[in-house]
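Below is one structure, written out as structure tokens; comments come after it.
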Amino acid sequence: MKVSRRGMLTGAAAAAAGATGVIGMDTRGEAAPTASAPTDRTPVEFTWLGTHAWQIRCGKHIVLTDPWLTRFETGTFTPDGVNPKTRLVIDEAVIDRHLTAADAILVHHGHYDHMADVPYVAQKTQATVLGTHSHVNLLRAMRTPKDLLSPVRGGEYLAFDGFTIEVFPSLHSCGGKRHDYAFAGYRLDAVPPRPRVIEDLVEGGTLAYVITIGGLRILSLSTANFDPNALRDLEVDVVLAAPGGEPGITDRLLRTIKPVRTVLATHWDDFGKPLDQPAVPWTDLTPLRTSVERTGAKFVVLELLAKVTL
């Protein structure tokens, strides 16, 4: 079993799962059974590339979620807060170092830390890019080839070679005294001018996806929030869940869907820090861990660039 350069195996449960580069995996034994859990399937490898950027691989098939690897400083996690006029840049060398191929790219919402690198990644891999009509308009403004873009709205069931994608309407997290959204808005009427600064990449609607690959069903959520009506009684095996929805929202999520075996922490790092350094948490993960473990599921936290096979 290989251990990643900064990863660490924790506990017999991690070893039994074949995890590499895993920290903080629950070791309390068997998780609650999932009705949809397959009995015969192909291993699926998850690689965390920071923020909500995941490479999900099964054999030759690769799905990417919100592949943003450039990671530049915006002030988001400083006392002064985010500078909305921060210039958008793309570090092609970093992307080339870590991404070589993909079949599908799932855009969950339009903020820069989810979508800014997508035009380059799409051209490099020639993958199909899924996102809302607003996301598609912004991606076209950033010179993404139109024939790679597939606008979706929620409710779609899409079959690819080796996997399927189900699309669900979702919600971005809101915060502050007024419970407002960061960089809110849509670009629906036409392709806008090319985005130059981070505030130009507006949320544009938020989506959730279920990826079924290798017999594993994976619910991918890019923020702590979700649409309970869309996900009610959903059966999946793995959830990518972000902190920031405690107390209450994460517990409500895990009550809304069927019991799951594994939750992978996502979007918990200070994404102004370089990808080749250890991740720096922007928040305490204990509340998220508590919400997950209370249900009997295993909670997995990966170091940057680390992998786990489920």
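Residue numbering restarts at 1 in every chain; chains get A, B, ... in the order shown in the structure tokens, and ligands count up from 1 in that same order.
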
Which neighbours of A:Ser220 fall inside 9 Å, counting only C-alpha atoms, when residues of the same chain fewer than 2 positions from it are skipped, and could you give them as a short mmCIF file (atom, residue, chain, number, x, y, z; two decimals) with C-alpha atoms, in the first residue's frame?
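Contents of result_35.cif, as written:
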```
data_model
loop_
_atom_site.label_atom_id
_atom_site.label_comp_id
_atom_site.auth_asym_id
_atom_site.auth_seq_id
_atom_site.Cartn_x
_atom_site.Cartn_y
_atom_site.Cartn_z
CA THR A 65 -15.44 18.39 -9.80
CA HIS A 108 -21.29 23.20 -8.99
CA ALA A 208 -25.44 19.08 -6.71
CA TYR A 209 -24.45 15.93 -8.59
CA VAL A 210 -24.64 12.20 -8.02
CA ILE A 211 -21.85 10.35 -9.80
CA ILE A 218 -21.28 9.65 -4.81
CA SER A 222 -19.73 22.15 -3.13
CA VAL A 238 -20.41 8.51 -0.30
CA VAL A 239 -20.99 12.22 0.34
CA LEU A 240 -18.53 15.06 -0.34
CA ALA A 241 -19.54 17.48 2.43
#
```

Find the residues of stretch 38-118 of chain A that sit at most 10 Å from stretch 139-147 of chain A; for each, write down the nearest two atoms and how far apart they are in Å, to one decimal. Count only C-alpha atoms. Sort by chain, then by number going up, and give it as CSV.
```
residue,atom,partner,partner_atom,distance
A:Gly110,CA,A:Leu139,CA,9.2
A:Met115,CA,A:Leu139,CA,8.1
A:Ala116,CA,A:Leu139,CA,8.6
A:Asp117,CA,A:Met142,CA,9.8
A:Val118,CA,A:Leu139,CA,7.7
```

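Atom CA of A:Lys307 sits 25.7 Å away from atom CA of A:Ala159.
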
* Return the single residue from A:Ala224, A:Leu310, A:Thr286, A:His179 that is closest to A:Ile56, with distances computed using only C-alpha atoms. =>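 The closest residue to A:Ile56 is A:Leu310.
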
* Residues at most 6 Å from stretch 162-178 of chain A, counting only C-alpha atoms, excluding those fewer than 4 positions away in the same chain, as JSON, numbers by chain? -> {"A": [154, 155, 156, 157, 158, 206, 207, 208, 209, 210, 211, 212, 213, 223, 224, 225, 226, 227]}

* Shortest interatomic distance to A:Arg71 - which of A:Arg97, A:Lys273, A:His267, A:His111, counting only C-alpha atoms ->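 Among the listed residues, A:Lys273 lies closest to A:Arg71.
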
* Could you pull out the helix (DSSP H, G or I) residues of stretch 105-297 of chain A from DSSP and send them as an MDAnalysis selection string? -> chainID A and resid 112:115 118:125 133:141 146:148 198:200 228:231 249:256 286:293

Save out the residues we just selected, N, CA and C atoms, as a short mmCIF file (atom, residue, chain, number, x, y, z; two decimals), in the first residue's frame.
```cif
data_model
loop_
_atom_site.label_atom_id
_atom_site.label_comp_id
_atom_site.auth_asym_id
_atom_site.auth_seq_id
_atom_site.Cartn_x
_atom_site.Cartn_y
_atom_site.Cartn_z
N TYR A 112 -15.11 31.99 -8.46
CA TYR A 112 -13.76 31.81 -9.03
C TYR A 112 -13.05 30.57 -8.48
N ASP A 113 -13.27 30.25 -7.19
CA ASP A 113 -12.57 29.12 -6.59
C ASP A 113 -13.17 27.78 -7.00
N HIS A 114 -14.12 27.82 -7.90
CA HIS A 114 -14.72 26.61 -8.45
C HIS A 114 -14.60 26.57 -9.98
N MET A 115 -14.58 27.73 -10.63
CA MET A 115 -14.73 27.74 -12.09
C MET A 115 -13.60 28.42 -12.85
N VAL A 118 -11.58 26.19 -15.16
CA VAL A 118 -12.32 25.24 -16.00
C VAL A 118 -12.06 25.46 -17.50
N PRO A 119 -12.00 26.70 -18.01
CA PRO A 119 -11.74 26.84 -19.45
C PRO A 119 -10.46 26.14 -19.91
N TYR A 120 -9.38 26.32 -19.15
CA TYR A 120 -8.12 25.68 -19.53
C TYR A 120 -8.20 24.16 -19.40
N VAL A 121 -8.78 23.68 -18.29
CA VAL A 121 -8.90 22.24 -18.07
C VAL A 121 -9.77 21.60 -19.16
N ALA A 122 -10.86 22.27 -19.54
CA ALA A 122 -11.74 21.74 -20.57
C ALA A 122 -11.03 21.64 -21.91
N GLN A 123 -10.31 22.68 -22.29
CA GLN A 123 -9.59 22.62 -23.56
C GLN A 123 -8.50 21.55 -23.53
N LYS A 124 -7.83 21.42 -22.39
CA LYS A 124 -6.75 20.45 -22.27
C LYS A 124 -7.26 19.02 -22.38
N THR A 125 -8.40 18.73 -21.73
CA THR A 125 -8.90 17.36 -21.66
C THR A 125 -9.98 17.05 -22.68
N HIS A 133 -27.01 27.45 -17.08
CA HIS A 133 -26.92 28.34 -18.24
C HIS A 133 -26.04 29.55 -17.91
N SER A 134 -26.13 30.06 -16.69
CA SER A 134 -25.28 31.17 -16.27
C SER A 134 -23.81 30.77 -16.30
N HIS A 135 -23.49 29.60 -15.76
CA HIS A 135 -22.10 29.13 -15.78
C HIS A 135 -21.60 29.00 -17.21
N VAL A 136 -22.43 28.44 -18.07
CA VAL A 136 -22.04 28.25 -19.46
C VAL A 136 -21.76 29.58 -20.14
N ASN A 137 -22.59 30.59 -19.89
CA ASN A 137 -22.34 31.91 -20.48
C ASN A 137 -21.01 32.49 -20.01
N LEU A 138 -20.70 32.34 -18.72
CA LEU A 138 -19.43 32.84 -18.20
C LEU A 138 -18.26 32.05 -18.77
N LEU A 139 -18.41 30.75 -18.91
CA LEU A 139 -17.34 29.94 -19.48
C LEU A 139 -17.11 30.28 -20.95
N ARG A 140 -18.17 30.58 -21.67
CA ARG A 140 -18.00 31.03 -23.06
C ARG A 140 -17.28 32.36 -23.10
N ALA A 141 -17.58 33.22 -22.13
CA ALA A 141 -16.89 34.52 -22.06
C ALA A 141 -15.40 34.34 -21.80
N LYS A 146 -17.52 26.20 -27.23
CA LYS A 146 -18.96 26.02 -27.04
C LYS A 146 -19.37 24.56 -27.13
N ASP A 147 -18.69 23.78 -28.00
CA ASP A 147 -19.11 22.40 -28.20
C ASP A 147 -18.77 21.49 -27.02
N LEU A 148 -18.02 21.99 -26.03
CA LEU A 148 -17.71 21.22 -24.83
C LEU A 148 -18.71 21.47 -23.70
N ILE A 198 -12.25 38.63 -9.63
CA ILE A 198 -12.99 37.51 -9.06
C ILE A 198 -14.48 37.81 -8.89
N GLU A 199 -14.85 39.08 -8.67
CA GLU A 199 -16.27 39.37 -8.50
C GLU A 199 -17.05 39.23 -9.81
N ASP A 200 -16.35 39.14 -10.94
CA ASP A 200 -17.03 38.93 -12.22
C ASP A 200 -17.59 37.51 -12.34
N PRO A 228 -33.28 20.47 0.46
CA PRO A 228 -33.82 19.23 1.04
C PRO A 228 -34.91 18.59 0.19
N ASN A 229 -35.67 19.38 -0.54
CA ASN A 229 -36.72 18.81 -1.38
C ASN A 229 -36.12 18.01 -2.54
N ALA A 230 -34.98 18.46 -3.05
CA ALA A 230 -34.35 17.76 -4.17
C ALA A 230 -33.68 16.47 -3.74
N LEU A 231 -33.17 16.42 -2.51
CA LEU A 231 -32.37 15.28 -2.07
C LEU A 231 -33.10 14.32 -1.14
N ILE A 249 -27.33 22.38 9.70
CA ILE A 249 -27.51 22.09 8.28
C ILE A 249 -26.96 20.71 7.92
N THR A 250 -25.76 20.38 8.39
CA THR A 250 -25.20 19.07 8.08
C THR A 250 -26.04 17.96 8.70
N ASP A 251 -26.50 18.16 9.93
CA ASP A 251 -27.37 17.16 10.55
C ASP A 251 -28.65 16.98 9.73
N ARG A 252 -29.20 18.08 9.23
CA ARG A 252 -30.41 18.00 8.43
C ARG A 252 -30.14 17.26 7.12
N LEU A 253 -28.96 17.50 6.51
CA LEU A 253 -28.59 16.78 5.29
C LEU A 253 -28.58 15.27 5.54
N LEU A 254 -27.95 14.85 6.62
CA LEU A 254 -27.79 13.42 6.87
C LEU A 254 -29.09 12.78 7.35
N ARG A 255 -30.05 13.59 7.76
CA ARG A 255 -31.40 13.07 8.02
C ARG A 255 -32.24 13.03 6.75
N THR A 256 -31.95 13.91 5.81
CA THR A 256 -32.73 14.02 4.58
C THR A 256 -32.45 12.86 3.63
N THR A 286 -14.18 19.87 13.69
CA THR A 286 -14.80 19.04 14.72
C THR A 286 -16.33 18.99 14.61
N PRO A 287 -17.02 20.12 14.41
CA PRO A 287 -18.49 20.04 14.29
C PRO A 287 -18.95 19.17 13.13
N LEU A 288 -18.26 19.27 11.99
CA LEU A 288 -18.63 18.43 10.85
C LEU A 288 -18.38 16.96 11.19
N ARG A 289 -17.24 16.68 11.78
CA ARG A 289 -16.93 15.30 12.17
C ARG A 289 -17.99 14.76 13.13
N THR A 290 -18.38 15.58 14.09
CA THR A 290 -19.38 15.14 15.08
C THR A 290 -20.71 14.82 14.41
N SER A 291 -21.13 15.68 13.49
CA SER A 291 -22.39 15.45 12.78
C SER A 291 -22.35 14.14 12.00
N VAL A 292 -21.21 13.88 11.36
CA VAL A 292 -21.08 12.67 10.54
C VAL A 292 -21.02 11.43 11.42
N GLU A 293 -20.17 11.44 12.41
CA GLU A 293 -19.97 10.24 13.22
C GLU A 293 -21.19 9.90 14.06
#
```

* Members of stretch 162-246 of chain A assigned strand (DSSP E or B) by DSSP, as an MDAnalysis selection string -> chainID A and resid 163:170 175 180 197 206:213 216:220 238:241

Got time to write the residues from that selection, N, CA, C and O atoms, as a short mmCIF file (atom, residue, chain, number, x, y, z; two decimals), in the first residue's frame?
```cif
data_model
loop_
_atom_site.label_atom_id
_atom_site.label_comp_id
_atom_site.auth_asym_id
_atom_site.auth_seq_id
_atom_site.Cartn_x
_atom_site.Cartn_y
_atom_site.Cartn_z
N PHE A 163 -19.85 5.65 -16.60
CA PHE A 163 -20.44 6.27 -15.42
C PHE A 163 -21.69 7.03 -15.81
O PHE A 163 -21.94 7.28 -17.00
N THR A 164 -22.48 7.39 -14.82
CA THR A 164 -23.64 8.25 -15.04
C THR A 164 -23.58 9.45 -14.10
O THR A 164 -22.96 9.40 -13.04
N ILE A 165 -24.26 10.53 -14.52
CA ILE A 165 -24.34 11.75 -13.73
C ILE A 165 -25.81 12.11 -13.57
O ILE A 165 -26.55 12.20 -14.56
N GLU A 166 -26.24 12.31 -12.33
CA GLU A 166 -27.57 12.85 -12.04
C GLU A 166 -27.39 14.26 -11.49
O GLU A 166 -26.52 14.50 -10.65
N VAL A 167 -28.21 15.19 -11.98
CA VAL A 167 -28.08 16.60 -11.62
C VAL A 167 -29.25 17.00 -10.73
O VAL A 167 -30.41 16.65 -11.01
N PHE A 168 -28.94 17.74 -9.66
CA PHE A 168 -29.96 18.18 -8.71
C PHE A 168 -29.82 19.69 -8.46
O PHE A 168 -28.69 20.19 -8.35
N PRO A 169 -30.94 20.41 -8.35
CA PRO A 169 -30.84 21.80 -7.91
C PRO A 169 -30.31 21.85 -6.48
O PRO A 169 -30.60 20.96 -5.67
N SER A 170 -29.53 22.86 -6.17
CA SER A 170 -28.96 22.97 -4.83
C SER A 170 -28.89 24.43 -4.42
O SER A 170 -29.40 25.32 -5.13
N GLY A 175 -24.17 33.64 4.58
CA GLY A 175 -23.59 33.96 5.88
C GLY A 175 -23.69 35.42 6.21
O GLY A 175 -24.27 36.23 5.47
N ASP A 180 -26.51 36.64 3.57
CA ASP A 180 -26.48 36.90 2.13
C ASP A 180 -25.47 35.99 1.44
O ASP A 180 -24.72 35.26 2.07
N VAL A 197 -11.81 40.05 -12.94
CA VAL A 197 -11.55 40.01 -11.50
C VAL A 197 -12.51 39.01 -10.88
O VAL A 197 -13.51 38.61 -11.49
N THR A 206 -26.60 27.13 -8.04
CA THR A 206 -25.78 26.06 -7.47
C THR A 206 -26.41 24.71 -7.77
O THR A 206 -27.64 24.57 -7.69
N LEU A 207 -25.57 23.74 -8.12
CA LEU A 207 -26.02 22.40 -8.44
C LEU A 207 -25.36 21.38 -7.53
O LEU A 207 -24.27 21.61 -7.01
N ALA A 208 -26.03 20.26 -7.33
CA ALA A 208 -25.44 19.08 -6.71
C ALA A 208 -25.45 17.97 -7.76
O ALA A 208 -26.28 17.97 -8.68
N TYR A 209 -24.54 17.03 -7.63
CA TYR A 209 -24.45 15.93 -8.59
C TYR A 209 -24.33 14.60 -7.86
O TYR A 209 -23.70 14.52 -6.80
N VAL A 210 -24.91 13.57 -8.44
CA VAL A 210 -24.64 12.20 -8.02
C VAL A 210 -23.89 11.51 -9.16
O VAL A 210 -24.40 11.41 -10.28
N ILE A 211 -22.70 11.06 -8.85
CA ILE A 211 -21.85 10.35 -9.80
C ILE A 211 -21.94 8.87 -9.46
O ILE A 211 -21.63 8.48 -8.32
N THR A 212 -22.36 8.05 -10.39
CA THR A 212 -22.36 6.60 -10.19
C THR A 212 -21.28 6.02 -11.08
O THR A 212 -21.35 6.08 -12.31
N ILE A 213 -20.23 5.49 -10.43
CA ILE A 213 -19.05 5.02 -11.15
C ILE A 213 -18.47 3.83 -10.38
O ILE A 213 -18.39 3.85 -9.16
N LEU A 216 -20.29 2.63 -7.34
CA LEU A 216 -20.36 3.51 -6.17
C LEU A 216 -21.17 4.75 -6.51
O LEU A 216 -20.99 5.34 -7.58
N ARG A 217 -22.08 5.13 -5.61
CA ARG A 217 -22.89 6.34 -5.81
C ARG A 217 -22.35 7.44 -4.89
O ARG A 217 -22.30 7.28 -3.67
N ILE A 218 -21.97 8.57 -5.51
CA ILE A 218 -21.28 9.65 -4.81
C ILE A 218 -22.10 10.92 -4.93
O ILE A 218 -22.37 11.39 -6.04
N LEU A 219 -22.49 11.51 -3.80
CA LEU A 219 -23.17 12.80 -3.79
C LEU A 219 -22.13 13.89 -3.60
O LEU A 219 -21.43 13.92 -2.59
N SER A 220 -22.04 14.80 -4.56
CA SER A 220 -21.06 15.88 -4.52
C SER A 220 -21.76 17.20 -4.24
O SER A 220 -22.56 17.67 -5.04
N VAL A 238 -21.43 7.56 -0.72
CA VAL A 238 -20.41 8.51 -0.30
C VAL A 238 -20.96 9.92 -0.48
O VAL A 238 -21.67 10.20 -1.45
N VAL A 239 -20.63 10.81 0.46
CA VAL A 239 -20.99 12.22 0.34
C VAL A 239 -19.72 13.06 0.45
O VAL A 239 -18.89 12.85 1.34
N LEU A 240 -19.55 14.02 -0.47
CA LEU A 240 -18.53 15.06 -0.34
C LEU A 240 -19.21 16.23 0.34
O LEU A 240 -20.10 16.87 -0.23
N ALA A 241 -18.83 16.50 1.60
CA ALA A 241 -19.54 17.48 2.43
C ALA A 241 -18.58 18.54 2.94
O ALA A 241 -17.47 18.24 3.39
#
```
